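Pasted below: structure_25.txt, compact mmCIF, C-alpha atoms and all ligand atoms.
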# COMPACT_ATOMS: atom_id res chain seq x y z
CA MET A 1 73.70 77.61 92.01
CA ILE A 2 76.68 79.58 90.71
CA ASP A 3 75.93 83.25 91.20
CA PHE A 4 76.79 85.81 88.59
CA ASN A 5 78.39 88.02 91.24
CA ILE A 6 79.21 87.78 94.94
CA PRO A 7 80.44 91.03 96.54
CA PRO A 8 84.13 90.87 97.40
CA PHE A 9 85.00 90.09 101.02
CA THR A 10 88.65 89.55 101.84
CA GLY A 11 88.58 89.00 105.61
CA ARG A 12 89.39 92.16 107.55
CA GLU A 13 86.37 94.27 106.55
CA ILE A 14 84.47 93.74 109.82
CA GLU A 15 87.56 94.42 111.93
CA TYR A 16 88.20 97.73 110.19
CA MET A 17 84.54 98.73 110.26
CA GLU A 18 84.53 98.09 113.99
CA GLN A 19 87.67 100.19 114.34
CA ALA A 20 85.95 102.99 112.46
CA ALA A 21 82.84 102.67 114.63
CA ARG A 22 84.82 102.74 117.87
CA GLY A 23 87.10 105.50 116.62
CA GLY A 24 84.41 108.08 117.22
CA LYS A 25 84.38 109.46 113.68
CA ILE A 26 82.11 107.72 111.23
CA CYS A 27 81.26 110.66 108.99
CA GLY A 28 83.13 111.53 105.82
CA ASP A 29 86.87 112.10 105.44
CA GLY A 30 87.77 110.05 108.51
CA PRO A 31 90.98 108.03 108.87
CA PHE A 32 89.95 105.17 106.55
CA THR A 33 88.83 107.55 103.81
CA LYS A 34 92.21 109.27 104.01
CA LYS A 35 94.03 105.93 103.91
CA CYS A 36 92.09 104.78 100.86
CA GLN A 37 92.67 108.04 98.99
CA ALA A 38 96.38 108.00 99.81
CA TRP A 39 96.62 104.38 98.65
CA ILE A 40 94.89 105.18 95.36
CA ASN A 41 97.05 108.24 94.72
CA GLU A 42 100.23 106.40 95.51
CA HIS A 43 99.40 103.16 93.74
CA PHE A 44 98.32 104.80 90.50
CA ASN A 45 100.36 107.98 90.78
CA PHE A 46 97.31 110.29 90.77
CA PRO A 47 97.66 113.91 91.90
CA ALA A 48 94.33 113.78 93.78
CA SER A 49 91.39 111.47 94.34
CA TYR A 50 88.29 111.71 96.49
CA LEU A 51 86.10 108.91 97.73
CA THR A 52 82.45 109.54 96.90
CA THR A 53 79.16 107.95 97.88
CA SER A 54 78.96 106.18 94.51
CA GLY A 55 80.35 106.06 91.01
CA THR A 56 77.25 108.00 90.05
CA ALA A 57 78.17 110.72 92.57
CA ALA A 58 81.70 110.89 91.11
CA LEU A 59 80.16 111.39 87.67
CA GLU A 60 77.88 114.10 89.06
CA MET A 61 80.91 115.87 90.49
CA ALA A 62 82.69 115.56 87.15
CA ALA A 63 79.63 116.98 85.37
CA LEU A 64 79.58 119.92 87.80
CA LEU A 65 83.28 120.54 87.13
CA THR A 66 82.73 120.63 83.35
CA LYS A 67 80.20 123.46 83.90
CA VAL A 68 77.85 122.09 81.23
CA GLY A 69 74.35 123.47 81.21
CA PRO A 70 71.21 123.80 79.12
CA GLY A 71 72.02 124.09 75.41
CA ASP A 72 75.33 122.22 75.74
CA GLU A 73 75.88 118.82 74.19
CA VAL A 74 77.70 115.83 75.61
CA ILE A 75 78.96 113.02 73.39
CA LEU A 76 78.81 109.56 74.94
CA PRO A 77 78.23 105.93 74.00
CA SER A 78 74.68 104.60 74.13
CA TYR A 79 76.03 101.29 75.39
CA THR A 80 76.65 102.29 79.01
CA PHE A 81 75.02 102.48 82.42
CA CYS A 82 72.48 105.28 82.76
CA SER A 83 74.61 107.14 85.34
CA THR A 84 77.05 108.25 82.63
CA ALA A 85 74.10 110.08 81.06
CA ASP A 86 72.20 111.08 84.23
CA ALA A 87 75.06 113.19 85.54
CA PHE A 88 74.90 115.47 82.49
CA VAL A 89 71.12 115.40 82.09
CA GLN A 90 70.85 116.76 85.63
CA ARG A 91 72.88 119.77 84.49
CA GLY A 92 70.40 120.31 81.66
CA ALA A 93 72.75 119.17 78.88
CA THR A 94 71.65 117.30 75.75
CA LEU A 95 73.03 113.84 75.09
CA VAL A 96 74.50 112.90 71.73
CA PHE A 97 74.99 109.16 71.49
CA VAL A 98 77.73 107.82 69.24
CA ASP A 99 78.16 104.23 68.07
CA ILE A 100 80.56 101.77 69.67
CA ARG A 101 83.38 99.64 68.26
CA PRO A 102 82.41 95.98 68.06
CA ASP A 103 85.79 94.76 69.35
CA THR A 104 85.81 96.57 72.72
CA MET A 105 82.19 97.80 73.02
CA ASN A 106 83.69 101.27 73.62
CA LEU A 107 82.91 104.61 71.99
CA ASP A 108 84.15 104.49 68.39
CA GLU A 109 86.73 107.27 68.25
CA LYS A 110 86.38 107.40 64.45
CA LYS A 111 82.70 108.37 64.73
CA ILE A 112 83.13 111.16 67.27
CA GLU A 113 84.09 114.06 65.02
CA ALA A 114 80.97 113.76 62.88
CA ALA A 115 78.87 114.26 66.03
CA ILE A 116 80.60 117.46 67.16
CA THR A 117 78.60 120.67 66.79
CA GLU A 118 79.08 124.24 68.05
CA LYS A 119 77.23 123.15 71.18
CA THR A 120 79.46 120.21 72.08
CA LYS A 121 81.27 120.71 75.39
CA VAL A 122 82.21 117.28 76.68
CA ILE A 123 83.12 113.78 75.51
CA ALA A 124 82.27 111.16 78.12
CA THR A 125 84.18 107.92 77.59
CA VAL A 126 83.29 104.59 79.18
CA ASP A 127 85.94 101.91 79.67
CA TYR A 128 83.68 98.92 79.16
CA ALA A 129 84.73 95.77 81.00
CA GLY A 130 87.73 97.73 82.27
CA VAL A 131 89.22 98.02 78.77
CA ALA A 132 90.31 101.53 77.83
CA CYS A 133 88.94 103.58 74.97
CA GLU A 134 91.39 104.84 72.33
CA MET A 135 92.24 107.72 74.65
CA ASP A 136 95.08 109.37 72.72
CA THR A 137 92.81 109.85 69.71
CA ILE A 138 89.88 111.00 71.84
CA ASN A 139 92.05 113.48 73.75
CA ARG A 140 93.43 114.82 70.48
CA ILE A 141 89.92 115.35 69.08
CA ALA A 142 88.91 117.04 72.34
CA ALA A 143 91.92 119.35 72.26
CA GLU A 144 91.28 120.31 68.63
CA HIS A 145 87.68 121.24 69.38
CA GLY A 146 88.18 122.68 72.86
CA LEU A 147 86.20 119.94 74.62
CA LEU A 148 86.60 118.36 78.04
CA VAL A 149 86.91 114.61 78.53
CA VAL A 150 85.16 112.85 81.41
CA GLU A 151 86.37 109.30 81.84
CA ASP A 152 83.77 106.94 83.24
CA ALA A 153 86.27 104.37 84.45
CA ALA A 154 83.71 102.89 86.86
CA GLN A 155 84.77 99.42 85.70
CA GLY A 156 88.41 100.28 85.11
CA PHE A 157 90.02 100.40 88.56
CA GLY A 158 93.51 98.94 88.04
CA SER A 159 93.41 98.85 84.22
CA THR A 160 95.94 100.61 82.02
CA TYR A 161 96.24 102.26 78.61
CA LYS A 162 99.74 102.39 77.15
CA GLY A 163 100.98 101.63 80.64
CA ARG A 164 99.08 104.53 82.23
CA PRO A 165 96.35 103.75 84.81
CA LEU A 166 92.77 104.53 83.80
CA GLY A 167 91.06 107.32 85.70
CA ASN A 168 93.47 110.11 84.91
CA LEU A 169 93.57 109.92 81.14
CA GLY A 170 91.00 112.66 80.58
CA ASP A 171 90.11 115.85 82.48
CA PHE A 172 88.13 114.11 85.22
CA GLY A 173 88.00 110.40 86.08
CA CYS A 174 85.37 108.37 87.89
CA PHE A 175 85.56 104.96 89.60
CA SER A 176 82.84 102.89 91.21
CA PHE A 177 83.15 100.71 94.30
CA HIS A 178 79.64 99.30 94.03
CA GLU A 179 79.26 95.69 95.15
CA THR A 180 79.41 94.55 91.52
CA LYS A 181 82.82 96.09 90.90
CA ASN A 182 86.24 94.47 91.48
CA PHE A 183 86.74 96.34 94.76
CA SER A 184 83.82 97.45 96.84
CA MET A 185 82.57 99.47 99.78
CA GLY A 186 78.92 98.55 99.31
CA GLU A 187 78.02 101.78 97.59
CA GLY A 188 80.87 104.12 96.77
CA GLY A 189 83.20 105.52 94.19
CA ALA A 190 85.99 107.98 93.61
CA LEU A 191 86.66 111.08 91.60
CA VAL A 192 90.16 111.46 90.19
CA LEU A 193 91.70 114.79 89.27
CA PRO A 194 94.50 114.35 86.73
CA ASN A 195 95.82 117.78 87.73
CA LEU A 196 95.26 120.10 90.67
CA ASP A 197 93.69 122.99 88.72
CA HIS A 198 90.21 122.00 89.85
CA ARG A 199 91.07 120.85 93.35
CA ASP A 200 89.47 123.71 95.27
CA GLU A 201 86.35 123.59 93.15
CA ALA A 202 86.01 119.81 93.50
CA GLU A 203 86.38 120.04 97.27
CA ILE A 204 83.72 122.73 97.47
CA TYR A 205 81.21 120.69 95.42
CA ARG A 206 81.91 117.64 97.57
CA GLU A 207 81.49 119.56 100.85
CA LYS A 208 77.99 121.00 100.27
CA GLY A 209 79.35 124.12 98.64
CA THR A 210 81.60 125.09 101.54
CA ASP A 211 85.35 125.67 101.68
CA ARG A 212 85.62 123.29 104.59
CA SER A 213 88.51 121.31 103.06
CA LYS A 214 90.66 124.43 102.97
CA TYR A 215 89.74 125.04 106.61
CA PHE A 216 90.82 121.51 107.57
CA ARG A 217 94.11 122.05 105.77
CA GLY A 218 94.59 125.19 107.84
CA GLN A 219 94.55 127.50 104.79
CA ILE A 220 91.69 129.57 106.23
CA ASP A 221 90.46 129.98 109.82
CA LYS A 222 86.74 129.85 109.22
CA TYR A 223 84.74 127.97 106.65
CA THR A 224 81.67 129.22 104.90
CA TRP A 225 79.17 128.54 102.13
CA VAL A 226 80.82 129.74 98.93
CA ASP A 227 79.11 127.95 96.02
CA TYR A 228 76.59 125.25 95.18
CA GLY A 229 77.43 121.67 96.03
CA SER A 230 76.16 118.50 97.58
CA SER A 231 77.20 115.84 100.07
CA TYR A 232 79.37 113.43 98.13
CA LEU A 233 81.42 112.12 101.09
CA PRO A 234 80.93 108.48 102.04
CA SER A 235 80.85 107.42 105.67
CA ASP A 236 84.16 106.20 107.07
CA LEU A 237 82.39 102.89 107.82
CA ASN A 238 82.22 102.25 104.09
CA ALA A 239 85.78 103.42 103.57
CA ALA A 240 86.89 100.91 106.25
CA TYR A 241 85.35 98.12 104.17
CA LEU A 242 87.19 99.34 101.09
CA TRP A 243 90.46 99.63 102.99
CA ALA A 244 90.44 95.90 103.76
CA GLN A 245 90.08 95.24 100.05
CA LEU A 246 92.82 97.62 98.97
CA GLU A 247 95.14 95.87 101.41
CA SER A 248 94.34 92.65 99.52
CA TYR A 249 94.53 94.31 96.12
CA ASP A 250 96.93 91.80 94.54
CA THR A 251 95.05 88.79 95.86
CA VAL A 252 91.74 90.00 94.43
CA TYR A 253 93.32 91.11 91.16
CA ASN A 254 95.16 87.80 90.63
CA ASP A 255 92.13 85.71 91.49
CA ARG A 256 89.91 87.56 89.01
CA MET A 257 92.63 87.43 86.38
CA LYS A 258 92.93 83.68 86.85
CA THR A 259 89.19 83.26 86.20
CA TRP A 260 89.33 85.52 83.15
CA ASN A 261 92.32 83.70 81.67
CA THR A 262 90.87 80.27 82.43
CA TYR A 263 87.64 81.14 80.58
CA HIS A 264 89.53 82.75 77.75
CA GLU A 265 91.75 79.75 77.11
CA ALA A 266 88.91 77.29 77.49
CA PHE A 267 86.83 79.01 74.80
CA GLU A 268 89.58 79.47 72.23
CA ASP A 269 88.45 76.54 70.10
CA LEU A 270 84.79 77.66 70.22
CA GLU A 271 85.90 80.93 68.70
CA LYS A 272 88.02 79.16 66.08
CA GLU A 273 84.94 77.19 65.09
CA HIS A 274 82.96 80.46 64.86
CA LEU A 275 80.50 79.39 67.56
CA ILE A 276 81.23 82.38 69.79
CA GLU A 277 83.38 85.49 69.90
CA ARG A 278 85.63 86.22 72.85
CA PRO A 279 86.57 89.68 74.22
CA GLN A 280 89.33 91.43 72.31
CA ILE A 281 91.90 93.40 74.25
CA PRO A 282 93.79 95.96 72.14
CA GLU A 283 97.55 95.68 72.49
CA GLU A 284 97.84 99.04 74.27
CA CYS A 285 95.28 98.06 76.94
CA GLY A 286 95.94 96.24 80.19
CA HIS A 287 92.60 95.09 81.61
CA ASN A 288 91.60 94.30 85.20
CA ALA A 289 89.47 91.20 84.64
CA HIS A 290 86.36 93.15 85.54
CA MET A 291 84.16 91.10 83.26
CA TYR A 292 84.23 88.03 81.06
CA TYR A 293 81.75 87.99 78.24
CA ILE A 294 81.13 85.92 75.17
CA LYS A 295 79.17 86.94 72.11
CA LEU A 296 76.61 84.57 70.67
CA ARG A 297 75.16 84.67 67.15
CA ASP A 298 72.13 86.79 68.03
CA ILE A 299 69.60 87.54 70.76
CA GLU A 300 67.74 84.24 70.23
CA GLU A 301 70.85 82.18 70.69
CA ARG A 302 71.80 84.25 73.73
CA THR A 303 68.39 83.67 75.31
CA ALA A 304 68.79 79.95 74.70
CA MET A 305 72.26 80.00 76.28
CA ILE A 306 70.99 81.86 79.36
CA ARG A 307 68.25 79.26 79.73
CA HIS A 308 70.67 76.38 79.23
CA LEU A 309 73.07 77.73 81.85
CA LYS A 310 70.25 78.39 84.30
CA GLU A 311 69.04 74.81 83.92
CA HIS A 312 72.53 73.76 84.92
CA GLY A 313 72.67 76.05 87.95
CA ILE A 314 74.61 78.96 86.44
CA LEU A 315 73.49 82.58 86.42
CA ALA A 316 74.78 84.40 83.36
CA VAL A 317 73.38 87.81 82.46
CA PHE A 318 73.22 90.20 79.55
CA HIS A 319 74.09 93.86 79.99
CA TYR A 320 72.96 97.31 78.91
CA ILE A 321 69.90 97.97 76.83
CA PRO A 322 71.24 100.86 74.69
CA LEU A 323 70.32 104.18 76.32
CA HIS A 324 69.18 105.85 73.09
CA SER A 325 66.27 103.41 72.88
CA ALA A 326 65.25 103.87 76.55
CA PRO A 327 62.44 106.34 77.40
CA ALA A 328 64.85 108.79 79.07
CA GLY A 329 67.35 108.44 76.24
CA LEU A 330 64.68 109.45 73.75
CA LYS A 331 63.69 112.38 75.94
CA PHE A 332 67.17 113.75 76.65
CA GLY A 333 69.23 112.86 73.61
CA ARG A 334 69.68 111.72 70.05
CA PHE A 335 71.78 109.12 68.30
CA ASP A 336 74.26 110.63 65.86
CA GLY A 337 74.91 108.67 62.67
CA ILE A 338 74.01 105.03 62.15
CA ASP A 339 73.56 102.49 64.92
CA GLU A 340 75.79 99.98 63.23
CA TYR A 341 76.97 98.06 66.28
CA THR A 342 75.41 99.39 69.50
CA THR A 343 72.14 97.48 69.35
CA LYS A 344 73.39 94.48 67.39
CA GLU A 345 76.38 93.79 69.63
CA SER A 346 74.52 94.49 72.88
CA GLU A 347 71.99 91.81 71.95
CA ARG A 348 74.69 89.18 71.47
CA LEU A 349 76.75 89.79 74.57
CA LEU A 350 76.53 87.50 77.60
CA ARG A 351 78.45 87.95 80.84
CA LEU A 352 79.65 84.85 82.69
CA PRO A 353 80.04 84.51 86.48
CA LEU A 354 83.20 86.25 87.64
CA TYR A 355 83.85 87.25 91.23
CA TYR A 356 86.62 87.07 93.79
CA GLY A 357 86.84 83.57 95.21
CA ILE A 358 84.73 81.84 92.56
CA GLY A 359 86.99 78.79 92.81
CA ASP A 360 88.20 76.29 90.29
CA GLU A 361 85.25 73.95 90.56
CA ASN A 362 82.80 76.70 89.62
CA ARG A 363 85.07 77.90 86.82
CA GLN A 364 85.16 74.41 85.35
CA THR A 365 81.38 74.01 85.67
CA VAL A 366 80.80 77.26 83.78
CA ILE A 367 83.24 76.19 81.07
CA ARG A 368 81.72 72.72 80.78
CA GLU A 369 78.16 74.01 80.45
CA VAL A 370 78.98 76.75 77.93
CA ARG A 371 80.67 74.06 75.84
CA SER A 372 77.86 71.55 76.30
CA PHE A 373 75.42 74.08 74.80
CA PHE A 374 77.31 73.65 71.53
CA GLY A 375 77.64 69.89 72.03
CA CYS A 376 81.37 70.28 72.67
C1 LIG B 401 78.87 100.85 87.95
C2 LIG B 401 78.88 101.89 86.92
C3 LIG B 401 78.46 103.21 87.20
C4 LIG B 401 77.78 103.61 88.47
O1 LIG B 401 78.47 103.35 89.63
P1 LIG B 401 77.66 103.32 91.01
O2 LIG B 401 78.76 103.21 92.00
O3 LIG B 401 76.79 102.11 90.96
O4 LIG B 401 76.90 104.56 91.13
C5 LIG B 401 78.58 104.16 86.21
N1 LIG B 401 79.08 103.86 85.00
C6 LIG B 401 79.47 102.61 84.68
C7 LIG B 401 80.03 102.35 83.34
C8 LIG B 401 79.37 101.58 85.63
O5 LIG B 401 79.75 100.34 85.30
Rewrite the structure from the file as structure tokens, please.
Amino acid sequence: MIDFNIPPFTGREIEYMEQAARGGKICGDGPFTKKCQAWINEHFNFPASYLTTSGTAALEMAALLTKVGPGDEVILPSYTFCSTADAFVQRGATLVFVDIRPDTMNLDEKKIEAAITEKTKVIATVDYAGVACEMDTINRIAAEHGLLVVEDAAQGFGSTYKGRPLGNLGDFGCFSFHETKNFSMGEGGALVLPNLDHRDEAEIYREKGTDRSKYFRGQIDKYTWVDYGSSYLPSDLNAAYLWAQLESYDTVYNDRMKTWNTYHEAFEDLEKEHLIERPQIPEECGHNAHMYYIKLRDIEERTAMIRHLKEHGILAVFHYIPLHSAPAGLKFGRFDGIDEYTTKESERLLRLPLYYGIGDENRQTVIREVRSFFGC
């Protein structure tokens, strides 16, 4: 059986986790957490980043930092994971779903302005499959209307937009290191601050509402409870796992890219014959091979393809059911404008197996069986 995903394991994870365990400090902000954060800041040139217990937790921190509350509206795509929405719903905000572009499955920047009202406070972007949204346009709209931009770059670790790394293109950026993402720590994530204006606030929210980070930096001699917050720090055991992967960043990146490119080339003729559509990467976007998907004619053909692949030992999976049609989406939000692409495109999309170390034999099997479905 070829799995859809196998969590990344590069070799030194156990060694580093043992080091963390024997080091006598396995709580948050230990040596491995610091190493990971420093690596991320240096590698991507970020002013500040904080490991969190999940991508969801990073989004919750971002939502806290935007200060949205009851009566405020947040614009977001309906085609996303529920955490993008949950973070704002927990603050009492109302969701306003906007349609996606069919080429990238990302928020359609041309449909955002029509959804803005006096109550709009935030635009939450999602970089689907690690491909950036049209961020310059979105940031311009946000600036014109005095809105904040939260970038859900959960899938975009290592991707770029006009040469700039994702995660610090808006006001607050969020990554995930869940086991399904390119780099993992089991459960985990990171919050990125594109500038240091909100550093103190972010550190307080992350440290249960205390100014403990300032205390550790020696800026104050006693720490205390100063605001609301939660515990968003991951254990250093998890950070140790991530550290092994960051050390092997290029190896993992290149291996995933090889799979992506191999699939992409192998399916070129299927696209030419209009049997499938392949992902489209806008010229200004550098992706991270987070996901390879194909689009079939419709949901029936997709179901048939899933069955065909399963019969040949391959697990391929569809993705999000649009949030606006989910029970919580109906309760907490509304869809603005016409659902031209969100539902239609989500029903056609199929993700193929892609994980670190998948190997050439598995790649070729996937390619062969996708082709054999069409008799090619
Ligand atoms: C994975 C993911 C999340 C959630 O990340 P967790 O680490 O699983 O909490 C949020 N948004 C998007 C778009 C994701 O892909």
Can you build me a table of chain A residues sitting at most 7 Å from ligand LIG 401 (chain B), with the closest atom pair per residue and its distance in Å to one decimal, using all atoms listed in the file, sorted by chain and residue number, as a tab-separated table?
residue	atom	partner	partner_atom	distance
A:Ser54	CA	B:LIG401	O2	3.9
A:Gly55	CA	B:LIG401	O2	3.4
A:Thr56	CA	B:LIG401	O4	3.6
A:Ala57	CA	B:LIG401	O4	6.5
A:Thr80	CA	B:LIG401	C7	5.5
A:Phe81	CA	B:LIG401	C6	5.0
A:Ser83	CA	B:LIG401	C5	5.0
A:Thr84	CA	B:LIG401	N1	5.4
A:Val126	CA	B:LIG401	C7	5.7
A:Asp127	CA	B:LIG401	C7	7.0
A:Tyr128	CA	B:LIG401	C7	6.5
A:Asp152	CA	B:LIG401	N1	5.9
A:Ala153	CA	B:LIG401	C7	6.7
A:Ala154	CA	B:LIG401	C8	4.7
A:Gln155	CA	B:LIG401	O5	5.1
A:Ser176	CA	B:LIG401	O2	4.2
A:Phe177	CA	B:LIG401	O2	5.6
A:His178	CA	B:LIG401	O2	4.5
A:Lys181	CA	B:LIG401	C1	6.9
A:Glu187	CA	B:LIG401	O2	5.8
A:Gly188	CA	B:LIG401	O2	5.3
A:Gly189	CA	B:LIG401	O2	5.5
Please produce an output containing C-alpha atoms for each residue in the selection, written as a PDB file, in the frame of the given file.
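So out03.pdb came out as:
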ATOM      1  CA  SER A  54      78.960 106.180  94.510  1.00  0.00           C
ATOM      2  CA  GLY A  55      80.350 106.060  91.010  1.00  0.00           C
ATOM      3  CA  THR A  56      77.250 108.000  90.050  1.00  0.00           C
ATOM      4  CA  ALA A  57      78.170 110.720  92.570  1.00  0.00           C
ATOM      5  CA  THR A  80      76.650 102.290  79.010  1.00  0.00           C
ATOM      6  CA  PHE A  81      75.020 102.480  82.420  1.00  0.00           C
ATOM      7  CA  SER A  83      74.610 107.140  85.340  1.00  0.00           C
ATOM      8  CA  THR A  84      77.050 108.250  82.630  1.00  0.00           C
ATOM      9  CA  VAL A 126      83.290 104.590  79.180  1.00  0.00           C
ATOM     10  CA  ASP A 127      85.940 101.910  79.670  1.00  0.00           C
ATOM     11  CA  TYR A 128      83.680  98.920  79.160  1.00  0.00           C
ATOM     12  CA  ASP A 152      83.770 106.940  83.240  1.00  0.00           C
ATOM     13  CA  ALA A 153      86.270 104.370  84.450  1.00  0.00           C
ATOM     14  CA  ALA A 154      83.710 102.890  86.860  1.00  0.00           C
ATOM     15  CA  GLN A 155      84.770  99.420  85.700  1.00  0.00           C
ATOM     16  CA  SER A 176      82.840 102.890  91.210  1.00  0.00           C
ATOM     17  CA  PHE A 177      83.150 100.710  94.300  1.00  0.00           C
ATOM     18  CA  HIS A 178      79.640  99.300  94.030  1.00  0.00           C
ATOM     19  CA  LYS A 181      82.820  96.090  90.900  1.00  0.00           C
ATOM     20  CA  GLU A 187      78.020 101.780  97.590  1.00  0.00           C
ATOM     21  CA  GLY A 188      80.870 104.120  96.770  1.00  0.00           C
ATOM     22  CA  GLY A 189      83.200 105.520  94.190  1.00  0.00           C
TER      23      GLY A 189
END
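Around Ala62 of chain A, within 8 Å and counting only C-alpha atoms, the residues found are A:Val150, A:Phe172, A:Gly173, A:Cys174, A:Leu191, once anything fewer than 5 positions away on its own chain is removed.
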Show me the residues around (89.1, 107.8, 107.8) - criterion: an atom at most 9 Å away, all atoms listed in the file counted - as a list in words.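 The answer, in the requested form, is Ala20, Lys25, Ile26, Cys27, Gly28, Asp29, Gly30, Pro31, Phe32, Thr33, Lys34, Lys35, Cys36, Ser235, Asp236, Leu237, Ala239 and Ala240 of chain A.
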Using all atoms listed in the file, determine which residues lie at most 10 Å from Lys214 of chain A, disregarding the query and same-chain residues fewer than 5 positions distant; provide the list as a list of chain:residue names.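 These residues fall inside the cut-off: A:Asp200, A:Glu203, A:Ile204, A:Gln219, A:Ile220, A:Asp221, A:Lys222, A:Tyr223.
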To one decimal in Å, tell me the separation between atom CA of Ala132 of chain A and atom CA of Asp339 of chain A. 21.2 Å
Neighbouring residues of Tyr16 of chain A were defined as those with any atom within 8 Å, considering only C-alpha atoms; residues of the same chain fewer than 3 positions away were excluded. Please report them as a list in words.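 In the requested form, the answer reads Arg12, Glu13, Gln19, Ala20, Ala240, Tyr241, Trp243 and Ala244 of chain A.
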Please measure the separation of atom CA of Glu18 of chain A and atom CA of Gly186 of chain A, giving the value in Å to one decimal.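 Atom CA of Glu18 of chain A sits 15.7 Å away from atom CA of Gly186 of chain A.
Note that atom CA of His287 of chain A and atom CA of Val131 of chain A are 5.3 Å apart.
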Pick from A:Thr210, A:Arg199, A:Leu51, A:Ala21 nearest to Gln37 of chain A, counting only C-alpha atoms: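 Closest to Gln37 of chain A, using only C-alpha atoms: A:Leu51.
Using only C-alpha atoms, the smallest distance between any of A:Leu76, A:Ala93, A:Val149, A:Ile123 and Leu323 of chain A comes from A:Leu76.
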Give me the residues near Asn254 of chain A as a list in words, where near means some atom within 12 Å (using only C-alpha atoms) and where sequence neighbours in that chain fewer than 2 positions away do not count.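 Surrounding residues, per the criterion: Gly158, Asn182, Ser248, Tyr249, Asp250, Thr251, Val252, Arg256, Met257, Lys258, Thr259, Trp260, Asn261, Thr262, His287, Asn288, Ala289, His290, Tyr355, Tyr356 and Gly357 of chain A.
Using all atoms listed in the file, the smallest distance between any of A:Leu169, A:Ile338, A:Ile314, A:Val96 and Ile138 of chain A comes from A:Leu169.
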Determine the nearest neighbour of Arg363 of chain A from the options A:Asp86, A:Asp171, A:Asp269, A:Asp255, counting all atoms listed in the file. A:Asp255
So which residues fall inside 8 Å of (74.2, 100.9, 70.8) if we count only C-alpha atoms? Mind giving them as a PyMOL selection string? chain A and resi 77-79+98-100+321-324+339-346
Closest of A:Phe88, A:Tyr232, A:Phe97, A:Phe46 to Leu193 of chain A, counting only C-alpha atoms, is A:Phe46
As a tab-separated table (two decimals) with C-alpha atoms, in the frame of the given file, please: the residues near Arg351 of chain A (cut-off 10 Å, only C-alpha atoms, same-chain neighbours under 3 positions excluded).
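Result written to out07.tsv:
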chain	number	residue	atom	x	y	z
A	4	PHE	CA	76.79	85.81	88.59
A	291	MET	CA	84.16	91.10	83.26
A	292	TYR	CA	84.23	88.03	81.06
A	293	TYR	CA	81.75	87.99	78.24
A	294	ILE	CA	81.13	85.92	75.17
A	295	LYS	CA	79.17	86.94	72.11
A	306	ILE	CA	70.99	81.86	79.36
A	315	LEU	CA	73.49	82.58	86.42
A	316	ALA	CA	74.78	84.40	83.36
A	317	VAL	CA	73.38	87.81	82.46
A	318	PHE	CA	73.22	90.20	79.55
A	319	HIS	CA	74.09	93.86	79.99
A	354	LEU	CA	83.20	86.25	87.64
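When only C-alpha atoms are used to compute distances to Glu144 of chain A, the closest of the residues A:Ile299, A:Leu309, A:Leu107, A:Ile116 turns out to be A:Ile116.
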